[in-house]
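One file, final-v3.cif, is given below (mmCIF, C-alpha atoms).
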data_input
#
loop_
_atom_site.label_atom_id
_atom_site.label_comp_id
_atom_site.auth_asym_id
_atom_site.auth_seq_id
_atom_site.Cartn_x
_atom_site.Cartn_y
_atom_site.Cartn_z
CA MET K 24 -68.65 9.48 -134.85
CA SER K 25 -65.49 10.89 -136.39
CA HIS K 26 -62.68 8.89 -137.77
CA LEU K 27 -59.04 9.44 -138.40
CA ARG K 28 -57.54 7.53 -141.29
CA GLN K 29 -54.00 7.35 -142.51
CA SER K 30 -53.65 9.16 -145.81
CA SER K 31 -50.96 6.85 -147.15
CA SER K 32 -51.67 3.26 -148.13
CA SER K 33 -49.50 1.70 -145.41
CA PRO K 34 -51.65 0.83 -142.36
CA LEU K 35 -50.47 0.83 -138.78
CA PRO K 36 -49.23 -2.50 -137.39
CA HIS K 37 -52.29 -4.64 -136.66
CA GLU K 38 -51.33 -5.44 -133.07
CA LEU K 39 -50.99 -1.74 -132.18
CA THR K 40 -54.27 -0.87 -133.85
CA ARG K 41 -56.13 -3.68 -132.10
CA ARG K 42 -54.58 -2.92 -128.72
CA HIS K 43 -55.43 0.78 -128.81
CA THR K 44 -58.86 0.23 -130.30
CA ALA K 45 -59.55 -2.15 -127.42
CA ARG K 46 -58.57 0.62 -125.01
CA ILE K 47 -61.11 2.87 -126.62
CA ALA K 48 -63.81 0.22 -126.65
CA ILE K 49 -63.54 -0.71 -122.97
CA GLY K 50 -64.76 2.61 -121.75
CA LEU K 51 -62.14 5.32 -121.81
CA PRO K 52 -64.09 8.51 -122.44
CA ALA K 53 -64.22 9.36 -126.09
CA ALA K 54 -61.80 12.24 -126.18
CA LEU K 55 -59.08 11.04 -128.49
CA LEU K 56 -58.37 14.51 -129.74
CA LEU K 57 -58.08 15.84 -126.23
CA ALA K 58 -54.68 17.20 -127.13
CA LEU K 59 -56.56 19.71 -129.30
CA PHE K 60 -59.43 20.30 -126.89
CA ILE K 61 -57.74 20.22 -123.47
CA GLY K 62 -57.62 24.00 -123.11
CA LEU K 63 -61.30 24.33 -123.97
CA PHE K 64 -62.65 21.90 -121.41
CA THR K 65 -60.30 22.07 -118.43
CA THR K 66 -59.84 25.73 -117.71
CA ASN K 67 -59.40 25.06 -113.98
CA CYS K 68 -57.32 21.90 -114.39
CA ALA K 69 -53.81 21.35 -115.62
CA PHE K 70 -51.92 18.23 -116.56
CA ALA K 71 -51.15 16.42 -113.31
CA GLN K 72 -48.34 14.72 -115.20
CA ALA K 73 -46.54 15.26 -118.47
CA PRO K 74 -47.95 12.99 -121.19
CA GLN K 75 -45.82 9.92 -121.89
CA TRP K 76 -46.28 9.40 -125.62
CA GLU K 77 -46.28 5.97 -127.28
CA SER K 78 -45.67 6.14 -131.02
CA LEU K 79 -48.03 4.09 -133.17
CA GLY K 80 -46.34 5.03 -136.43
CA GLY K 81 -45.13 8.06 -138.31
CA GLY K 82 -47.16 11.06 -137.20
CA LEU K 83 -49.40 9.19 -134.72
CA ALA K 84 -48.87 8.80 -130.96
CA VAL K 85 -51.06 8.16 -127.91
CA SER K 86 -50.87 8.90 -124.20
CA VAL K 87 -53.16 8.47 -121.22
CA TRP K 88 -53.84 11.62 -119.23
CA GLN K 89 -54.46 10.87 -115.57
CA PRO K 90 -55.65 14.03 -113.83
CA ARG K 91 -55.46 12.45 -110.35
CA GLU K 92 -55.86 14.83 -107.40
CA ARG K 93 -55.75 18.06 -109.46
CA CYS K 94 -59.04 17.26 -111.23
CA PRO K 95 -60.80 14.51 -109.24
CA ASP K 96 -64.03 14.76 -111.28
CA ILE K 97 -62.29 13.92 -114.56
CA ALA K 98 -61.57 10.29 -115.44
CA SER K 99 -58.42 9.21 -117.23
CA LEU K 100 -58.49 10.14 -120.90
CA LEU K 101 -56.75 8.76 -123.95
CA ILE K 102 -55.00 11.52 -125.92
CA VAL K 103 -54.03 11.17 -129.57
CA ASP K 104 -51.44 13.32 -131.28
CA ALA K 105 -52.01 13.03 -135.04
CA ASP K 106 -50.15 14.87 -137.77
CA PRO K 107 -52.95 16.25 -140.01
CA GLU K 108 -50.54 16.27 -142.95
CA ARG K 109 -50.31 12.46 -142.74
CA TYR K 110 -53.82 11.59 -141.55
CA ARG K 111 -57.29 12.62 -142.66
CA PHE K 112 -60.43 13.18 -140.64
CA SER K 113 -63.89 12.07 -141.71
CA VAL K 114 -67.33 12.36 -140.14
CA HIS K 115 -69.85 9.54 -139.93
CA TYR K 116 -73.30 10.07 -138.45
CA TYR K 117 -75.54 7.02 -138.17
CA ALA K 118 -78.72 8.78 -139.37
CA GLN K 119 -76.96 10.26 -142.39
CA GLU K 120 -75.70 6.77 -143.27
CA GLY K 121 -79.20 5.29 -143.14
CA LEU K 122 -78.72 3.29 -139.91
CA ALA K 123 -81.60 2.76 -137.47
CA TYR K 124 -79.46 3.33 -134.35
CA PRO K 125 -75.92 4.49 -133.49
CA PRO K 126 -73.42 1.63 -133.85
CA THR K 127 -70.97 0.80 -131.08
CA ILE K 128 -67.37 1.87 -131.54
CA GLU K 129 -66.52 -1.74 -132.46
CA GLU K 130 -69.24 -1.73 -135.15
CA TRP K 131 -67.97 1.61 -136.52
CA GLN K 132 -64.46 0.19 -136.80
CA LYS K 133 -65.74 -2.88 -138.66
CA ARG K 134 -67.65 -0.60 -141.06
CA THR K 135 -64.84 1.89 -141.68
CA HIS K 136 -61.56 -0.02 -141.05
CA HIS K 137 -60.03 3.22 -139.69
CA GLU K 138 -57.15 3.08 -137.21
CA VAL K 139 -58.55 5.64 -134.76
CA LEU K 140 -62.19 6.39 -133.97
CA PHE K 141 -63.64 8.88 -131.54
CA ASN K 142 -66.99 10.22 -130.49
CA ALA K 143 -66.94 13.77 -131.76
CA GLY K 144 -69.63 15.24 -129.58
CA LEU K 145 -72.69 15.01 -127.43
CA PHE K 146 -76.18 13.90 -128.36
CA ARG K 147 -79.73 14.42 -127.14
CA GLU K 148 -81.82 11.50 -125.84
CA ASN K 149 -83.08 10.89 -129.39
CA PHE K 150 -79.45 10.84 -130.68
CA ALA K 151 -79.75 14.22 -132.39
CA TYR K 152 -76.33 15.86 -132.41
CA LEU K 153 -75.75 18.81 -130.06
CA GLY K 154 -73.78 21.59 -131.63
CA LEU K 155 -72.42 21.90 -135.15
CA LEU K 156 -71.74 18.78 -137.21
CA PHE K 157 -70.75 19.04 -140.87
CA LYS K 158 -69.76 16.43 -143.46
CA GLU K 159 -68.26 17.46 -146.79
CA GLY K 160 -69.16 21.08 -145.99
CA ARG K 161 -72.87 20.37 -145.42
CA SER K 162 -74.67 20.50 -142.08
CA LEU K 163 -76.06 17.22 -140.81
CA GLY K 164 -79.00 19.02 -139.18
CA SER K 165 -77.18 20.35 -136.16
CA ARG K 166 -77.06 23.96 -134.99
CA ARG K 167 -74.69 26.09 -133.01
CA HIS K 168 -74.95 25.56 -129.25
CA THR K 169 -75.41 28.89 -127.49
CA THR K 170 -72.61 28.49 -124.94
CA TRP K 171 -70.07 26.23 -126.72
CA GLN K 172 -67.32 28.35 -128.20
CA GLY K 173 -64.85 25.71 -129.45
CA LEU K 174 -65.14 24.00 -132.84
CA PHE K 175 -62.81 21.34 -134.23
CA VAL K 176 -62.47 21.72 -138.00
CA ALA K 177 -60.54 19.60 -140.49
CA GLU K 178 -60.08 19.07 -144.19
CA PRO K 179 -60.13 22.62 -145.56
CA ALA K 180 -62.11 23.37 -148.69
CA GLU K 181 -59.03 25.22 -149.99
CA PRO K 182 -56.08 23.18 -148.59
CA ALA K 183 -53.36 25.52 -149.84
CA THR K 184 -54.61 28.44 -147.76
CA ARG K 185 -55.60 26.85 -144.42
CA PRO K 186 -54.20 24.41 -141.83
CA ARG K 187 -55.49 20.84 -142.34
CA ALA K 188 -56.99 20.73 -138.84
CA ARG K 189 -57.44 23.17 -135.99
CA VAL K 190 -59.70 24.27 -133.16
CA LEU K 191 -61.59 27.51 -133.71
CA ASP K 192 -62.46 29.83 -130.84
CA LEU K 193 -65.90 30.97 -131.96
CA THR K 194 -65.67 34.10 -129.79
CA THR K 195 -62.93 35.39 -132.12
CA ASP K 196 -62.60 33.07 -135.15
CA PRO K 197 -65.21 33.39 -137.88
CA PHE K 198 -67.13 30.31 -139.04
CA ASN K 199 -69.68 30.74 -141.78
CA GLU K 200 -72.24 27.92 -141.43
CA SER K 201 -73.74 28.56 -144.88
CA ALA K 202 -70.33 28.37 -146.58
CA PRO K 203 -67.89 26.60 -144.23
CA SER K 204 -64.21 26.80 -145.08
CA TYR K 205 -63.66 23.24 -143.76
CA ARG K 206 -65.36 20.04 -144.84
#

Would it be possible to restate this file's structure as structure tokens?
Amino acid sequence: MSHLRQSSSSPLPHELTRRHTARIAIGLPAALLLALFIGLFTTNCAFAQAPQWESLGGGLAVSVWQPRERCPDIASLLIVDADPERYRFSVHYYAQEGLAYPPTIEEWQKRTHHEVLFNAGLFRENFAYLGLLFKEGRSLGSRRHTTWQGLFVAEPAEPATRPRARVLDLTTDPFNESAPSYR
């Protein structure tokens, strides 16, 4: 589970947070950062409509992507556009936090009090993470998936020299697992 938290002390209006968290909790696929990942996962699909953004506050907006007839196998997805200069990303993995089982998205929000939460990946039947998952620059026991070539990274170890968040194309962008440049 990854979280997005506002870096300033002023939270989003409660009614907007609750309304959009409810959207997430009722079953929209967990792809809140789809704006970053859309090119990686929908190579044969294009936006069937232009996103209609709803601002939730400075640097944070949401939209619902409805692929309709162009991509009939893809359900509607909630897209979040977050300014990484105003918001921070953090990783939470139930096993690393000493929990016996993965909490629901509602339970994660109660634990973290973050405005936006999203499922950052896929898991095996035993809830082991598929692909790379790092927290504070350390691997949480995951390993590189042989065919996945996209990697979302955030919170650079050296903020002055790197973008705060980006998607790496592992076919061309280097990522050193023993000394990652992002936390």

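Counting all atoms listed in the file, the residue from K:Thr194, K:Arg147, K:Phe141, K:Thr127 that sits nearest to K:Thr169 is K:Thr194.
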
Just the residues within 10 Å of K:Ser201, please, counting all atoms listed in the file, with nothing from its chain fewer than 6 positions along; format it as a CSV table (one decimal) with C-alpha atoms, keeping the file's coordinate frame.
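Written output follows (out-v5.csv):
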chain,number,residue,atom,x,y,z
K,160,GLY,CA,-69.2,21.1,-146.0
K,161,ARG,CA,-72.9,20.4,-145.4
K,162,SER,CA,-74.7,20.5,-142.1

Given the file above and the PyMOL selection byres ((chain K and resi 174-189) around 9), which residues are selected, and can you give them as a PyMOL selection string?
chain K and resi 59-60+107-108+111-113+143+155+159-160+171-173+190-193+203-206

Could the residues in this selection be saved with C-alpha atoms as an mmCIF file, keeping the file's coordinate frame?
data_model
loop_
_atom_site.group_PDB
_atom_site.id
_atom_site.type_symbol
_atom_site.label_atom_id
_atom_site.label_comp_id
_atom_site.auth_asym_id
_atom_site.auth_seq_id
_atom_site.Cartn_x
_atom_site.Cartn_y
_atom_site.Cartn_z
ATOM 1 C CA LEU K 59 -56.560 19.710 -129.300
ATOM 2 C CA PHE K 60 -59.430 20.300 -126.890
ATOM 3 C CA PRO K 107 -52.950 16.250 -140.010
ATOM 4 C CA GLU K 108 -50.540 16.270 -142.950
ATOM 5 C CA ARG K 111 -57.290 12.620 -142.660
ATOM 6 C CA PHE K 112 -60.430 13.180 -140.640
ATOM 7 C CA SER K 113 -63.890 12.070 -141.710
ATOM 8 C CA ALA K 143 -66.940 13.770 -131.760
ATOM 9 C CA LEU K 155 -72.420 21.900 -135.150
ATOM 10 C CA GLU K 159 -68.260 17.460 -146.790
ATOM 11 C CA GLY K 160 -69.160 21.080 -145.990
ATOM 12 C CA TRP K 171 -70.070 26.230 -126.720
ATOM 13 C CA GLN K 172 -67.320 28.350 -128.200
ATOM 14 C CA GLY K 173 -64.850 25.710 -129.450
ATOM 15 C CA VAL K 190 -59.700 24.270 -133.160
ATOM 16 C CA LEU K 191 -61.590 27.510 -133.710
ATOM 17 C CA ASP K 192 -62.460 29.830 -130.840
ATOM 18 C CA LEU K 193 -65.900 30.970 -131.960
ATOM 19 C CA PRO K 203 -67.890 26.600 -144.230
ATOM 20 C CA SER K 204 -64.210 26.800 -145.080
ATOM 21 C CA TYR K 205 -63.660 23.240 -143.760
ATOM 22 C CA ARG K 206 -65.360 20.040 -144.840
#

Explicit residue set for the PyMOL selection byres ((chain K and resi 152) around 10), as a VMD selection string
chain K and resid 116 143 to 151 153 to 156 163 to 166

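The space between atom CA of K:Val114 and atom CA of K:His136 spans 13.7 Å.
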
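Using only C-alpha atoms for every distance, the candidate list K:Val103, K:Arg93, K:Glu200, K:Thr170 yields K:Val103 as the residue closest to K:Ser78.
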
Could you tell me how far atom CA of K:Lys158 sits from atom CA of K:Pro197, in Å to one decimal place?
18.4 Å

If you count all atoms listed in the file, the residue of K:Tyr110, K:Trp88, K:Pro74, K:Gly81 closest to K:Val139 turns out to be K:Tyr110

Neighbouring residues of K:Val87 were defined as those with any atom within 10 Å, considering all atoms listed in the file; residues of the same chain fewer than 2 positions away were excluded. Please report them as a PDB file with C-alpha atoms, keeping the file's coordinate frame.
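Saved result, around05.pdb, follows:
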ATOM      1  CA  LEU K  51     -62.140   5.320-121.810  1.00  0.00           C
ATOM      2  CA  LEU K  55     -59.080  11.040-128.490  1.00  0.00           C
ATOM      3  CA  GLN K  72     -48.340  14.720-115.200  1.00  0.00           C
ATOM      4  CA  ALA K  73     -46.540  15.260-118.470  1.00  0.00           C
ATOM      5  CA  PRO K  74     -47.950  12.990-121.190  1.00  0.00           C
ATOM      6  CA  GLN K  75     -45.820   9.920-121.890  1.00  0.00           C
ATOM      7  CA  TRP K  76     -46.280   9.400-125.620  1.00  0.00           C
ATOM      8  CA  GLU K  77     -46.280   5.970-127.280  1.00  0.00           C
ATOM      9  CA  VAL K  85     -51.060   8.160-127.910  1.00  0.00           C
ATOM     10  CA  GLN K  89     -54.460  10.870-115.570  1.00  0.00           C
ATOM     11  CA  PRO K  90     -55.650  14.030-113.830  1.00  0.00           C
ATOM     12  CA  SER K  99     -58.420   9.210-117.230  1.00  0.00           C
ATOM     13  CA  LEU K 100     -58.490  10.140-120.900  1.00  0.00           C
ATOM     14  CA  LEU K 101     -56.750   8.760-123.950  1.00  0.00           C
ATOM     15  CA  ILE K 102     -55.000  11.520-125.920  1.00  0.00           C
ATOM     16  CA  VAL K 103     -54.030  11.170-129.570  1.00  0.00           C
TER      17      VAL K 103
END

Explicit residue set for the PyMOL selection byres ((chain K and resi 131) around 10), as JSON, numbers by chain:
{"K": [24, 25, 26, 115, 117, 125, 126, 127, 128, 129, 130, 132, 133, 134, 135, 136, 137, 140, 141]}
